[in-house]
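Raw run05.txt, compact mmCIF, C-alpha atoms and all ligand atoms:
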```
# COMPACT_ATOMS: atom_id res chain seq x y z
CA MET A 1 73.70 110.55 133.99
CA GLU A 2 72.80 108.57 130.92
CA LYS A 3 69.17 107.85 130.21
CA LEU A 4 67.81 104.34 130.51
CA ILE A 5 65.11 102.54 128.58
CA CYS A 6 61.79 102.71 130.40
CA LYS A 7 60.33 99.25 131.02
CA THR A 8 56.84 100.62 130.83
CA CYS A 9 56.73 102.67 127.65
CA ALA A 10 60.06 101.57 126.08
CA SER A 11 61.24 105.11 125.40
CA GLU A 12 64.74 106.12 126.34
CA SER A 13 63.67 108.58 128.97
CA MET A 14 64.36 107.11 132.39
CA ILE A 15 66.57 109.52 134.32
CA PRO A 16 68.18 108.48 137.60
CA VAL A 17 68.70 111.18 140.19
CA GLU A 18 70.83 110.58 143.23
CA VAL A 19 68.87 111.15 146.43
CA GLN A 20 69.41 110.92 150.16
CA VAL A 21 66.87 108.73 151.89
CA GLU A 22 66.20 109.22 155.56
CA GLY A 23 64.93 106.26 157.49
CA ASP A 24 64.99 104.37 160.76
CA ASP A 25 65.81 101.06 159.19
CA LEU A 26 69.08 101.96 157.56
CA ILE A 27 71.42 99.11 158.21
CA LEU A 28 74.44 99.08 160.40
CA ASP A 29 76.96 101.62 161.53
CA GLY A 30 79.87 102.24 159.28
CA GLY A 31 77.81 101.45 156.23
CA GLN A 32 77.08 103.52 153.21
CA GLN A 33 73.91 104.31 151.40
CA GLU A 34 73.52 105.01 147.72
CA SER A 35 70.06 105.88 146.48
CA TYR A 36 68.66 106.75 143.12
CA PHE A 37 65.22 107.88 142.12
CA TYR A 38 64.33 106.87 138.57
CA THR A 39 61.60 108.69 136.72
CA CYS A 40 60.37 108.27 133.17
CA HIS A 41 59.68 111.65 131.65
CA VAL A 42 57.31 110.14 129.11
CA CYS A 43 54.92 107.92 131.06
CA GLY A 44 55.66 108.92 134.64
CA ASP A 45 56.74 105.49 135.84
CA ASN A 46 59.15 105.77 138.71
CA TRP A 47 60.97 103.83 141.36
CA LEU A 48 63.50 104.31 144.07
CA SER A 49 66.54 102.12 144.48
CA ILE A 50 68.39 102.12 147.76
CA LYS A 51 71.66 100.28 148.19
CA GLU A 52 72.98 100.07 151.70
CA THR A 53 76.42 98.62 152.18
CA ALA A 54 77.47 97.46 155.63
CA GLY A 55 80.95 97.71 157.07
CA ASP A 56 81.65 94.06 156.20
CA GLY A 57 80.83 94.58 152.52
CA SER A 58 77.48 92.78 152.53
CA CYS A 59 74.64 94.86 151.32
CA GLN A 60 70.92 95.30 151.18
CA ILE A 61 69.20 96.52 148.07
CA THR A 62 65.67 97.84 148.10
CA PHE A 63 63.52 98.79 145.14
CA ILE A 64 60.37 100.77 145.90
CA HIS A 65 57.67 101.35 143.32
CA GLN A 66 55.18 104.02 144.24
CA MET A 67 51.61 103.06 143.54
CA GLY A 68 49.68 106.28 143.76
CA MET A 69 47.26 105.94 146.65
CA SER A 70 47.72 102.21 147.10
CA PRO A 71 50.47 100.60 149.18
CA LEU A 72 54.01 100.68 147.94
CA LEU A 73 55.39 97.73 146.07
CA LYS A 74 58.77 96.99 147.46
CA ARG A 75 61.37 94.28 147.13
CA VAL A 76 64.43 93.73 149.19
CA ALA A 77 67.57 91.67 148.66
CA ARG A 78 70.31 91.00 151.14
CA VAL A 79 73.48 89.84 149.51
CA GLU A 80 77.06 89.15 150.47
CA ASP A 81 78.34 90.52 147.21
CA PRO A 82 76.54 93.48 145.65
CA TYR A 83 77.60 92.42 142.17
CA LEU A 84 75.42 89.33 142.46
CA ALA A 85 72.32 91.41 143.03
CA VAL A 86 71.44 92.17 139.45
CA GLU A 87 67.86 93.18 139.15
CA GLU A 88 66.41 89.98 137.75
CA ALA A 89 68.39 87.50 139.85
CA GLY A 90 65.40 86.12 141.65
CA SER A 91 66.64 84.07 144.55
CA HIS A 92 67.78 86.88 146.83
CA TRP A 93 64.61 88.88 146.77
CA SER A 94 61.76 89.27 149.24
CA TYR A 95 58.59 90.96 147.99
CA PHE A 96 56.31 93.30 149.87
CA MET A 97 53.19 95.30 149.35
CA GLY A 98 53.17 97.95 152.03
CA ASP A 99 54.39 96.06 155.10
CA ASP A 100 53.02 92.69 154.02
CA GLU A 101 55.25 90.13 152.42
CA ILE A 102 53.63 88.73 149.28
CA SER A 103 54.63 86.14 146.73
CA GLU A 104 56.82 87.00 143.79
CA GLU A 105 54.03 86.05 141.36
CA VAL A 106 51.51 88.38 142.98
CA TRP A 107 54.07 91.16 143.19
CA LYS A 108 55.04 90.89 139.54
CA GLU A 109 51.41 90.79 138.50
CA LYS A 110 50.70 93.98 140.44
CA LEU A 111 53.70 95.70 138.92
CA SER A 112 52.84 94.68 135.39
CA ARG A 113 49.23 95.79 135.88
CA ARG A 114 50.50 99.19 137.02
CA ARG A 115 52.79 99.39 133.99
CA ARG A 116 49.93 98.51 131.62
CA ILE A 117 47.86 101.31 133.10
CA LEU A 118 50.67 103.85 132.78
CA LYS A 119 51.36 102.73 129.24
CA SER A 120 47.74 103.02 128.19
CA ILE A 121 47.60 106.51 129.67
CA CYS A 122 50.64 107.70 127.75
CA THR A 123 49.73 106.09 124.42
CA ASN A 124 46.17 107.38 124.37
ZN ZN A 201 58.02 105.42 130.47
```
Before we go any further, please render this structure as structure tokens.
Ligand SMILES: [Zn+2]
Amino acid sequence: MEKLICKTCASESMIPVEVQVEGDDLILDGGQQESYFYTCHVCGDNWLSIKETAGDGSCQITFIHQMGMSPLLKRVARVEDPYLAVEEAGSHWSYFMGDDEISEEVWKEKLSRRRRILKSICTN
């Protein structure tokens, strides 16, 4: 797989690895799951993307950012057409910290704070 630009440290060192995610909340029989774990080999930033496609073609996309010891930052989109669910298309997304739904603003602030910390670790 090609490398992607890391949003935290801006180096071209994000490597997606296909993974199989086990879980109780996988949607719908007859669906498919496609999951990738992205890790930056420079700063250690990482996230998991899970795309679950139901039999009718609608899909749910979940991004999970691990936060060390604190709750996971997670966002979920349910879309009719997976091609609409580009990462920054805001309207489809719900935002969570752990199991609690939080506002997009708070979520983005927490993610950018985490990225600042990772960046300062790797540039020092
Ligand atoms: Zn990085």
Distance of CA of Cys59 (chain A) from CA of Tyr36 (chain A), expressed in Å to one decimal place | 15.6 Å
Given a cut-off of 12 Å, what residues near ligand ZN 201 (chain A) show up using all atoms listed in the file, put as an MDAnalysis selection string?
-> chainID A and resid 3:15 38:47 114:123
Protein, DNA and RNA residues within 9 Å of (57.5, 86.8, 144.5), all atoms listed in the file, as an MDAnalysis selection string = chainID A and resid 75 90 93:96 101:108
I need the residues from that last selection saved to file as a compact mmCIF listing (two decimals), in the frame of the given file (with C-alpha atoms), if you can.
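Generated output (selection.txt):
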```
# COMPACT_ATOMS: atom_id res chain seq x y z
CA ARG A 75 61.37 94.28 147.13
CA GLY A 90 65.40 86.12 141.65
CA TRP A 93 64.61 88.88 146.77
CA SER A 94 61.76 89.27 149.24
CA TYR A 95 58.59 90.96 147.99
CA PHE A 96 56.31 93.30 149.87
CA GLU A 101 55.25 90.13 152.42
CA ILE A 102 53.63 88.73 149.28
CA SER A 103 54.63 86.14 146.73
CA GLU A 104 56.82 87.00 143.79
CA GLU A 105 54.03 86.05 141.36
CA VAL A 106 51.51 88.38 142.98
CA TRP A 107 54.07 91.16 143.19
CA LYS A 108 55.04 90.89 139.54
```
Using all atoms listed in the file, pick whichever of A:Glu109, A:Gly98, A:Leu48, A:Glu2 has the shortest atom-to-atom distance to Pro71 (chain A).
-> A:Gly98
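Atom to atom, CA of Leu111 (chain A) and CA of His65 (chain A) stand 8.2 Å apart.
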